[in-house]
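Okay, final32.txt is below, compact mmCIF, C-alpha atoms and all ligand atoms:
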# COMPACT_ATOMS: atom_id res chain seq x y z
CA MET Q 1 72.10 102.13 116.60
CA ASN Q 2 72.15 98.56 115.34
CA ASN Q 3 69.36 98.21 112.79
CA ASN Q 4 69.98 94.53 112.04
CA LEU Q 5 67.01 92.35 112.87
CA ILE Q 6 68.92 89.13 112.16
CA GLU Q 7 72.62 88.51 112.76
CA ILE Q 8 74.17 85.17 111.82
CA LYS Q 9 77.77 84.40 112.71
CA ASP Q 10 79.71 81.29 111.62
CA LEU Q 11 76.57 79.16 111.43
CA SER Q 12 77.19 75.51 110.55
CA VAL Q 13 74.84 72.57 110.26
CA ASN Q 14 76.24 69.04 109.96
CA PHE Q 15 74.03 66.01 109.42
CA PRO Q 16 75.32 62.67 110.72
CA ILE Q 17 75.72 59.96 108.11
CA LYS Q 18 74.72 56.60 109.48
CA SER Q 19 75.15 53.26 107.87
CA GLY Q 20 75.04 49.57 108.58
CA TYR Q 21 72.62 47.46 110.56
CA LEU Q 22 73.11 49.40 113.80
CA GLY Q 23 73.02 52.79 112.12
CA ARG Q 24 76.44 53.79 113.38
CA LYS Q 25 77.59 57.26 112.57
CA THR Q 26 80.20 56.93 109.84
CA GLY Q 27 80.66 60.55 108.84
CA GLU Q 28 79.12 63.98 108.56
CA LEU Q 29 77.52 65.88 105.76
CA ARG Q 30 78.31 69.58 105.98
CA ALA Q 31 75.07 71.14 104.73
CA VAL Q 32 75.84 74.68 105.97
CA ASN Q 33 79.41 75.71 106.58
CA ARG Q 34 80.33 78.78 108.69
CA VAL Q 35 77.81 81.16 107.18
CA SER Q 36 77.68 84.77 108.40
CA PHE Q 37 75.36 87.59 107.40
CA ASN Q 38 73.01 90.24 108.79
CA ILE Q 39 69.60 91.32 107.59
CA LYS Q 40 68.47 94.88 108.29
CA LYS Q 41 64.99 95.47 109.63
CA GLY Q 42 62.47 95.98 106.84
CA GLN Q 43 64.75 94.55 104.16
CA THR Q 44 64.95 91.38 102.10
CA LEU Q 45 68.03 89.22 101.79
CA GLY Q 46 67.71 86.95 98.74
CA LEU Q 47 69.44 83.58 99.10
CA VAL Q 48 70.12 81.92 95.77
CA GLY Q 49 71.90 78.72 94.77
CA GLU Q 50 71.29 75.42 93.06
CA SER Q 51 69.23 72.62 94.55
CA GLY Q 52 70.97 70.82 97.42
CA CYS Q 53 73.40 73.65 98.25
CA GLY Q 54 71.93 74.10 101.76
CA LYS Q 55 69.38 76.91 101.45
CA THR Q 56 66.51 75.20 103.26
CA THR Q 57 68.80 73.88 105.98
CA LEU Q 58 70.13 77.40 106.53
CA GLY Q 59 66.63 78.93 106.62
CA LYS Q 60 65.31 76.34 109.07
CA SER Q 61 68.35 76.54 111.31
CA ILE Q 62 67.89 80.30 111.76
CA LEU Q 63 64.47 79.51 113.25
CA ARG Q 64 66.03 76.56 115.10
CA LEU Q 65 63.67 74.16 113.36
CA ILE Q 66 66.96 72.38 112.68
CA GLU Q 67 69.49 72.79 115.50
CA PRO Q 68 72.71 74.40 114.30
CA SER Q 69 75.93 72.49 115.00
CA ASN Q 70 77.91 75.70 115.55
CA GLY Q 71 77.65 79.45 115.34
CA ASN Q 72 75.49 82.24 116.69
CA ILE Q 73 72.03 83.44 115.73
CA ARG Q 74 70.82 86.78 117.05
CA PHE Q 75 67.30 88.12 116.71
CA LYS Q 76 67.13 91.81 117.67
CA SER Q 77 70.54 91.38 119.32
CA THR Q 78 69.31 88.50 121.52
CA LEU Q 79 71.34 85.34 121.16
CA ILE Q 80 68.75 82.64 120.54
CA ASN Q 81 70.99 79.55 120.27
CA ASP Q 82 70.54 78.36 123.81
CA LEU Q 83 67.13 79.74 124.70
CA LYS Q 84 64.85 77.40 126.62
CA ASN Q 85 61.72 76.13 124.88
CA SER Q 86 59.45 78.59 126.66
CA GLU Q 87 61.62 81.56 125.71
CA MET Q 88 62.10 80.26 122.17
CA ARG Q 89 58.32 79.98 121.80
CA LYS Q 90 57.95 83.71 122.36
CA ILE Q 91 60.61 84.51 119.82
CA ARG Q 92 59.44 81.95 117.29
CA LYS Q 93 56.14 83.82 117.11
CA LYS Q 94 58.16 86.69 115.66
CA MET Q 95 59.88 84.39 113.14
CA GLN Q 96 57.75 82.53 110.62
CA ILE Q 97 58.44 80.35 107.59
CA ILE Q 98 56.49 79.85 104.37
CA PHE Q 99 57.28 76.78 102.27
CA GLN Q 100 57.16 75.99 98.59
CA ASP Q 101 54.23 73.65 98.54
CA PRO Q 102 50.95 75.30 99.57
CA TYR Q 103 49.16 72.00 98.84
CA SER Q 104 50.80 70.10 101.66
CA SER Q 105 51.20 72.94 104.15
CA LEU Q 106 47.45 73.43 104.70
CA ASN Q 107 45.41 70.82 106.56
CA PRO Q 108 42.82 69.61 104.00
CA ARG Q 109 40.25 68.90 106.74
CA MET Q 110 40.25 72.43 108.15
CA ASN Q 111 38.34 75.29 106.59
CA ILE Q 112 40.04 78.63 106.10
CA ARG Q 113 38.48 80.12 109.25
CA SER Q 114 39.95 77.30 111.37
CA ILE Q 115 43.30 77.52 109.60
CA LEU Q 116 43.58 81.22 110.43
CA SER Q 117 42.11 80.92 113.96
CA GLU Q 118 44.49 78.15 115.02
CA PRO Q 119 47.66 80.25 115.45
CA LEU Q 120 45.64 82.96 117.24
CA LYS Q 121 44.33 80.39 119.71
CA ILE Q 122 47.72 78.74 120.24
CA HIS Q 123 49.39 82.06 121.00
CA ASN Q 124 46.40 83.57 122.83
CA LEU Q 125 46.10 86.53 120.49
CA PHE Q 126 43.09 88.73 119.74
CA ASN Q 127 41.12 86.69 122.26
CA GLN Q 128 39.06 89.27 124.20
CA ASN Q 129 35.93 88.30 122.35
CA LYS Q 130 34.72 86.56 119.23
CA GLN Q 131 34.31 89.82 117.37
CA GLN Q 132 37.91 90.81 117.99
CA ARG Q 133 39.17 87.49 116.64
CA ASN Q 134 36.86 87.72 113.62
CA ASN Q 135 38.11 91.20 112.85
CA ARG Q 136 41.67 89.95 112.96
CA ILE Q 137 40.80 87.13 110.55
CA TYR Q 138 39.17 89.63 108.16
CA GLN Q 139 42.27 91.80 108.37
CA LEU Q 140 44.50 88.80 107.53
CA LEU Q 141 42.38 87.99 104.47
CA ASP Q 142 42.55 91.63 103.48
CA TYR Q 143 46.35 91.60 103.64
CA VAL Q 144 46.48 88.84 101.02
CA GLN Q 145 43.50 90.09 99.00
CA ILE Q 146 41.17 87.16 99.55
CA SER Q 147 37.46 87.74 100.09
CA LYS Q 148 35.56 86.87 103.26
CA SER Q 149 33.54 84.30 101.33
CA ALA Q 150 36.64 82.07 101.51
CA LEU Q 151 36.24 81.48 105.25
CA ASN Q 152 33.94 78.47 105.07
CA LYS Q 153 35.78 76.84 102.19
CA TYR Q 154 38.47 74.16 102.30
CA PRO Q 155 42.00 74.28 100.83
CA HIS Q 156 41.16 72.06 97.83
CA GLU Q 157 38.64 74.66 96.63
CA PHE Q 158 41.42 77.15 95.90
CA SER Q 159 44.09 77.50 93.24
CA GLY Q 160 47.80 77.16 94.07
CA GLY Q 161 48.27 80.92 94.18
CA GLN Q 162 45.26 81.42 96.48
CA ARG Q 163 46.50 78.66 98.75
CA GLN Q 164 49.88 80.35 99.01
CA ARG Q 165 48.08 83.60 99.94
CA ILE Q 166 46.32 81.71 102.72
CA CYS Q 167 49.69 80.38 103.91
CA ILE Q 168 50.98 83.95 104.00
CA ALA Q 169 47.90 85.10 105.95
CA ARG Q 170 48.42 82.28 108.44
CA ALA Q 171 52.09 83.23 108.88
CA LEU Q 172 51.05 86.86 109.49
CA ALA Q 173 48.47 85.88 112.12
CA VAL Q 174 50.98 85.96 114.98
CA GLU Q 175 52.41 89.39 113.99
CA PRO Q 176 55.85 88.20 112.91
CA GLU Q 177 58.74 90.55 112.22
CA PHE Q 178 60.86 88.09 110.24
CA ILE Q 179 59.66 85.63 107.59
CA VAL Q 180 61.70 82.98 105.79
CA CYS Q 181 60.12 82.42 102.37
CA ASP Q 182 61.55 79.10 101.16
CA GLU Q 183 60.90 78.77 97.42
CA ALA Q 184 57.53 80.31 98.29
CA VAL Q 185 56.54 80.98 94.66
CA SER Q 186 58.53 78.24 92.91
CA SER Q 187 55.59 75.91 92.28
CA LEU Q 188 53.35 78.63 90.80
CA ASP Q 189 52.78 79.88 87.25
CA VAL Q 190 54.83 82.90 86.26
CA SER Q 191 51.88 85.35 86.29
CA VAL Q 192 50.77 84.10 89.70
CA GLN Q 193 54.36 84.31 90.98
CA ALA Q 194 54.35 88.02 90.18
CA GLN Q 195 51.10 88.58 92.12
CA ILE Q 196 52.44 86.81 95.20
CA LEU Q 197 55.76 88.67 95.02
CA ASN Q 198 53.89 91.97 94.81
CA ILE Q 199 51.76 91.06 97.83
CA LEU Q 200 54.89 90.17 99.80
CA MET Q 201 56.55 93.46 98.85
CA ASP Q 202 53.45 95.53 99.71
CA LEU Q 203 53.17 93.75 103.06
CA GLN Q 204 56.84 94.39 103.74
CA LYS Q 205 56.27 98.13 103.42
CA GLU Q 206 53.00 98.16 105.34
CA LEU Q 207 54.15 95.98 108.26
CA ASN Q 208 57.91 96.70 108.14
CA LEU Q 209 58.63 92.99 107.62
CA THR Q 210 62.08 91.49 107.17
CA TYR Q 211 62.49 88.58 104.75
CA LEU Q 212 65.00 85.88 103.99
CA PHE Q 213 63.79 85.01 100.51
CA ILE Q 214 65.14 81.67 99.28
CA SER Q 215 65.00 80.69 95.63
CA HIS Q 216 67.02 78.84 93.00
CA ASN Q 217 65.73 81.44 90.53
CA LEU Q 218 67.95 84.48 90.28
CA GLU Q 219 65.36 86.48 88.33
CA ILE Q 220 62.88 86.22 91.20
CA ILE Q 221 65.61 87.02 93.72
CA GLN Q 222 66.57 90.11 91.73
CA PHE Q 223 62.98 91.31 91.73
CA ILE Q 224 62.35 91.11 95.47
CA SER Q 225 65.73 91.53 97.24
CA HIS Q 226 67.67 94.45 98.63
CA GLU Q 227 70.76 92.31 99.13
CA VAL Q 228 71.63 88.98 97.52
CA ALA Q 229 73.70 86.12 98.96
CA VAL Q 230 74.87 83.43 96.56
CA MET Q 231 75.27 80.00 98.13
CA TYR Q 232 77.38 77.17 96.80
CA PHE Q 233 77.88 73.92 98.57
CA GLY Q 234 76.99 75.18 102.04
CA ASN Q 235 78.95 78.44 101.84
CA ILE Q 236 78.05 81.99 100.92
CA ILE Q 237 80.48 82.63 98.06
CA GLU Q 238 79.31 86.15 97.23
CA LYS Q 239 77.06 88.79 98.81
CA ALA Q 240 76.24 92.32 97.70
CA SER Q 241 73.35 94.67 97.03
CA ALA Q 242 70.99 93.29 94.37
CA SER Q 243 72.15 95.81 91.77
CA GLU Q 244 75.83 95.16 92.45
CA ILE Q 245 75.37 91.38 92.08
CA TYR Q 246 73.85 91.94 88.64
CA ASP Q 247 76.06 94.72 87.38
CA ASN Q 248 79.33 93.62 88.89
CA PRO Q 249 79.43 89.92 89.83
CA LYS Q 250 82.84 88.90 91.13
CA HIS Q 251 82.57 85.14 91.57
CA PRO Q 252 82.61 82.94 88.45
CA TYR Q 253 79.72 80.91 89.87
CA THR Q 254 77.56 84.04 90.23
CA LYS Q 255 78.44 84.97 86.67
CA ALA Q 256 77.41 81.50 85.50
CA LEU Q 257 74.09 81.78 87.36
CA LEU Q 258 73.44 85.17 85.77
CA SER Q 259 74.25 83.83 82.33
CA SER Q 260 71.55 81.20 82.71
CA ILE Q 261 68.75 83.74 83.10
CA LEU Q 262 66.71 83.67 79.94
CA ASN Q 263 65.66 86.81 78.07
CA THR Q 264 68.49 88.96 79.27
CA ASN Q 265 71.60 90.37 77.72
CA PHE Q 266 73.65 87.93 79.74
CA ASN Q 267 72.28 85.08 77.71
CA LYS Q 268 74.35 85.92 74.67
CA ASP Q 269 77.36 84.66 76.56
CA ARG Q 270 75.80 81.77 78.38
CA ILE Q 271 78.31 79.88 80.48
CA ILE Q 272 77.75 76.14 80.56
CA LEU Q 273 79.46 74.63 83.59
CA LYS Q 274 81.29 71.36 83.17
CA GLY Q 275 82.96 69.10 85.69
CA ASP Q 276 81.91 67.19 88.75
CA ILE Q 277 79.53 68.21 91.48
CA PRO Q 278 81.57 67.94 94.66
CA ASN Q 279 80.87 65.13 97.07
CA ALA Q 280 79.15 66.58 100.13
CA VAL Q 281 80.70 64.05 102.50
CA ASN Q 282 84.26 64.38 101.26
CA PRO Q 283 84.43 67.83 99.71
CA PRO Q 284 87.49 68.64 97.61
CA ASN Q 285 90.24 70.74 99.17
CA GLY Q 286 90.34 74.36 98.21
CA CYS Q 287 87.43 76.22 96.63
CA HIS Q 288 84.47 73.85 96.23
CA PHE Q 289 83.71 75.37 92.86
CA HIS Q 290 87.16 74.69 91.37
CA PRO Q 291 86.26 71.45 89.54
CA LYS Q 292 83.77 73.44 87.46
CA CYS Q 293 85.58 76.75 87.27
CA TRP Q 294 87.20 77.94 84.04
CA LYS Q 295 89.51 80.26 85.96
CA ALA Q 296 90.81 77.77 88.50
CA THR Q 297 94.56 77.54 89.16
CA ASP Q 298 96.62 75.48 91.58
CA ILE Q 299 95.86 77.58 94.65
CA CYS Q 300 92.09 77.13 94.08
CA LYS Q 301 92.58 73.37 94.37
CA GLU Q 302 94.47 73.62 97.62
CA ILE Q 303 93.35 76.44 99.91
CA TYR Q 304 89.79 77.57 100.56
CA PRO Q 305 89.62 81.28 99.66
CA ASP Q 306 89.14 83.86 102.41
CA GLU Q 307 86.48 86.51 102.20
CA SER Q 308 87.44 89.62 100.22
CA VAL Q 309 85.48 92.79 100.99
CA LEU Q 310 85.14 95.76 98.66
CA ASP Q 311 84.50 99.33 99.88
CA ASP Q 312 80.75 99.10 99.36
CA GLY Q 313 80.49 95.91 101.45
CA HIS Q 314 80.45 93.59 98.42
CA ILE Q 315 81.87 90.26 99.67
CA PHE Q 316 83.23 87.34 97.65
CA ARG Q 317 85.44 84.28 98.09
CA CYS Q 318 87.58 83.86 94.98
CA TYR Q 319 91.28 84.09 94.01
CA HIS Q 320 90.42 85.20 90.49
CA PRO Q 321 87.48 87.61 90.75
CA LEU Q 322 85.95 88.87 87.52
N1 LIG T 1 67.59 65.88 107.51
C1 LIG T 1 68.66 65.67 106.71
N2 LIG T 1 69.52 64.68 106.96
C2 LIG T 1 70.62 64.47 106.19
N3 LIG T 1 70.94 65.26 105.14
C3 LIG T 1 70.13 66.28 104.84
C4 LIG T 1 68.94 66.56 105.61
N4 LIG T 1 68.32 67.65 105.07
C5 LIG T 1 69.09 68.03 104.03
N5 LIG T 1 70.16 67.22 103.88
C6 LIG T 1 71.26 67.37 102.89
O1 LIG T 1 71.81 68.67 103.09
C7 LIG T 1 72.13 69.27 101.85
C8 LIG T 1 71.40 70.59 101.71
O2 LIG T 1 70.01 70.35 101.56
P1 LIG T 1 68.94 71.53 101.49
O3 LIG T 1 69.19 72.45 102.61
O4 LIG T 1 67.58 70.91 101.41
O5 LIG T 1 69.30 72.23 100.10
P2 LIG T 1 68.46 73.24 99.19
O6 LIG T 1 67.33 73.77 100.00
O7 LIG T 1 69.46 74.28 98.77
O8 LIG T 1 67.99 72.45 98.01
C9 LIG T 1 71.79 68.24 100.77
O9 LIG T 1 72.94 67.52 100.43
C10 LIG T 1 70.76 67.37 101.46
O10 LIG T 1 70.76 66.08 100.91
MG MG T 2 65.29 73.77 99.59

As structure tokens, how would this structure be written, given the file I've shared?
Amino acid sequence: MNNNLIEIKDLSVNFPIKSGYLGRKTGELRAVNRVSFNIKKGQTLGLVGESGCGKTTLGKSILRLIEPSNGNIRFKSTLINDLKNSEMRKIRKKMQIIFQDPYSSLNPRMNIRSILSEPLKIHNLFNQNKQQRNNRIYQLLDYVQISKSALNKYPHEFSGGQRQRICIARALAVEPEFIVCDEAVSSLDVSVQAQILNILMDLQKELNLTYLFISHNLEIIQFISHEVAVMYFGNIIEKASASEIYDNPKHPYTKALLSSILNTNFNKDRIILKGDIPNAVNPPNGCHFHPKCWKATDICKEIYPDESVLDDGHIFRCYHPL
């Protein structure tokens, strides 16, 4: 039986580049380039990479909040690329997204009761009577460990961490199966980050949720993920189980990311990357990482590396794996 909840095949997203008075299209920016992966039901895929490498674009395109330029997206084996709006609405209920900034994602004029009731009303859920809806709202608050006294308060009365809990409760309102967490804890203090991560992990077990957890912070990714995909310049350049990525990184870029984690053994041998950041409109030939790579040879400058797969499913794209 296929236990993948999400299956992505050759997904690409290109943004048109327009210039001049008439805004003519003069080129394309390849934000996501032929990305493929699956996420098993009840598991977390961590997506890590530096700012601008395409993580948000990838996350949004899976939910079709940004339309992909190419490739297939399957949710529970159903191809969702070409679904009509009405069909997509049903599926989108099952796929939610939580963003980095809990300050701007909650309407400041709505109290918490209205914020949590809104998705229930829109999707006609728990609507037999007022009591049923109230019970659901209490349950949502319970999931994120916020007391009922919050219901008549407004977003500004809460801390960043509490606001992010409310965002999580709102995402859960429609009984999703898949949640994209895009830098969901990045704006919070370290101690608060840990609380939110623990809530997300507890909820995953309790509700059998599947996450795509996006972060530029490999330490956070390590903590929450079953599998880790490392993104560079719109491509997945390495993917393996979380432990394999840490114990046995194959791609020099992954190794460099690991070496930048503070307070670990890796830090003794910190790798400082030099060289240019590739131009997203006119990317260099060959491996996009070659201008910064200390192992690069002629072939790396010329031909983009194919995927290599190890026995345990560990995938990487590199001519000179570590
Ligand atoms: N709506 C857009 N139009 C044009 N370019 C965009 C748009 N959104 C993102 N980009 C570009 O796509 C690339 C990937 O961005 P993004 O997905 O936000 O990266 P990340 O989330 O990893 O920081 C960047 O070069 C960014 O400037
Ligand atoms: Mg982003």

For segment 126-128 of chain Q: contacts at 12 Å, all atoms listed in the file, fewer than 3 positions along chain excluded, given as a ChimeraX atom specification: /Q:116-123,131-137,139,173-175

Can you write out as a tab-separated table which residues of segment 165-246 of chain Q fall within 12 Å of segment 2-21 of chain Q, alongside each residue's closest atom pair and its distance in Å to one decimal, counting all atoms listed in the file and ordering rows by chain and ascending residue number?
residue	atom	partner	partner_atom	distance
Q:Pro176	CA	Q:Leu5	CA	11.9
Q:Glu177	CA	Q:Leu5	CA	8.5
Q:Phe178	CA	Q:Leu5	CA	7.9
Q:Ile179	CA	Q:Ile6	CA	10.9
Q:Val180	CA	Q:Ile6	CA	11.4
Q:Asn208	CA	Q:Leu5	CA	11.1
Q:Leu209	CA	Q:Leu5	CA	9.9
Q:Thr210	CA	Q:Leu5	CA	7.6
Q:Tyr211	CA	Q:Ile6	CA	9.8
Q:Leu212	CA	Q:Ile6	CA	9.6
Q:Gly234	CA	Q:Ser12	CA	8.5
Q:Asn235	CA	Q:Ser12	CA	9.4
Q:Ile236	CA	Q:Asp10	CA	10.9

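With only C-alpha atoms and all ligand atoms as the atoms that count, the minimum distance from ligand MG 2 (chain T) to the choices Q:Phe213, Q:Tyr143, Q:Tyr138, Q:Tyr103 is reached by Q:Phe213.
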
Computed interatomic separation between atom P2 of ligand LIG 1 (chain T) and atom CA of Phe99 of chain Q (Å): 12.1 Å

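With all atoms listed in the file as the atoms that count, the residue of Q:Lys94, Q:Arg317, Q:Lys130, Q:Ala150 with the shortest distance to Ile115 of chain Q is Q:Ala150.
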
Using only C-alpha atoms: which of Q:Ser241, Q:Ser260, Q:Asn124, Q:Gln164 has the shortest distance to Leu200 of chain Q: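 Among the listed residues, Q:Gln164 lies closest to Leu200 of chain Q.
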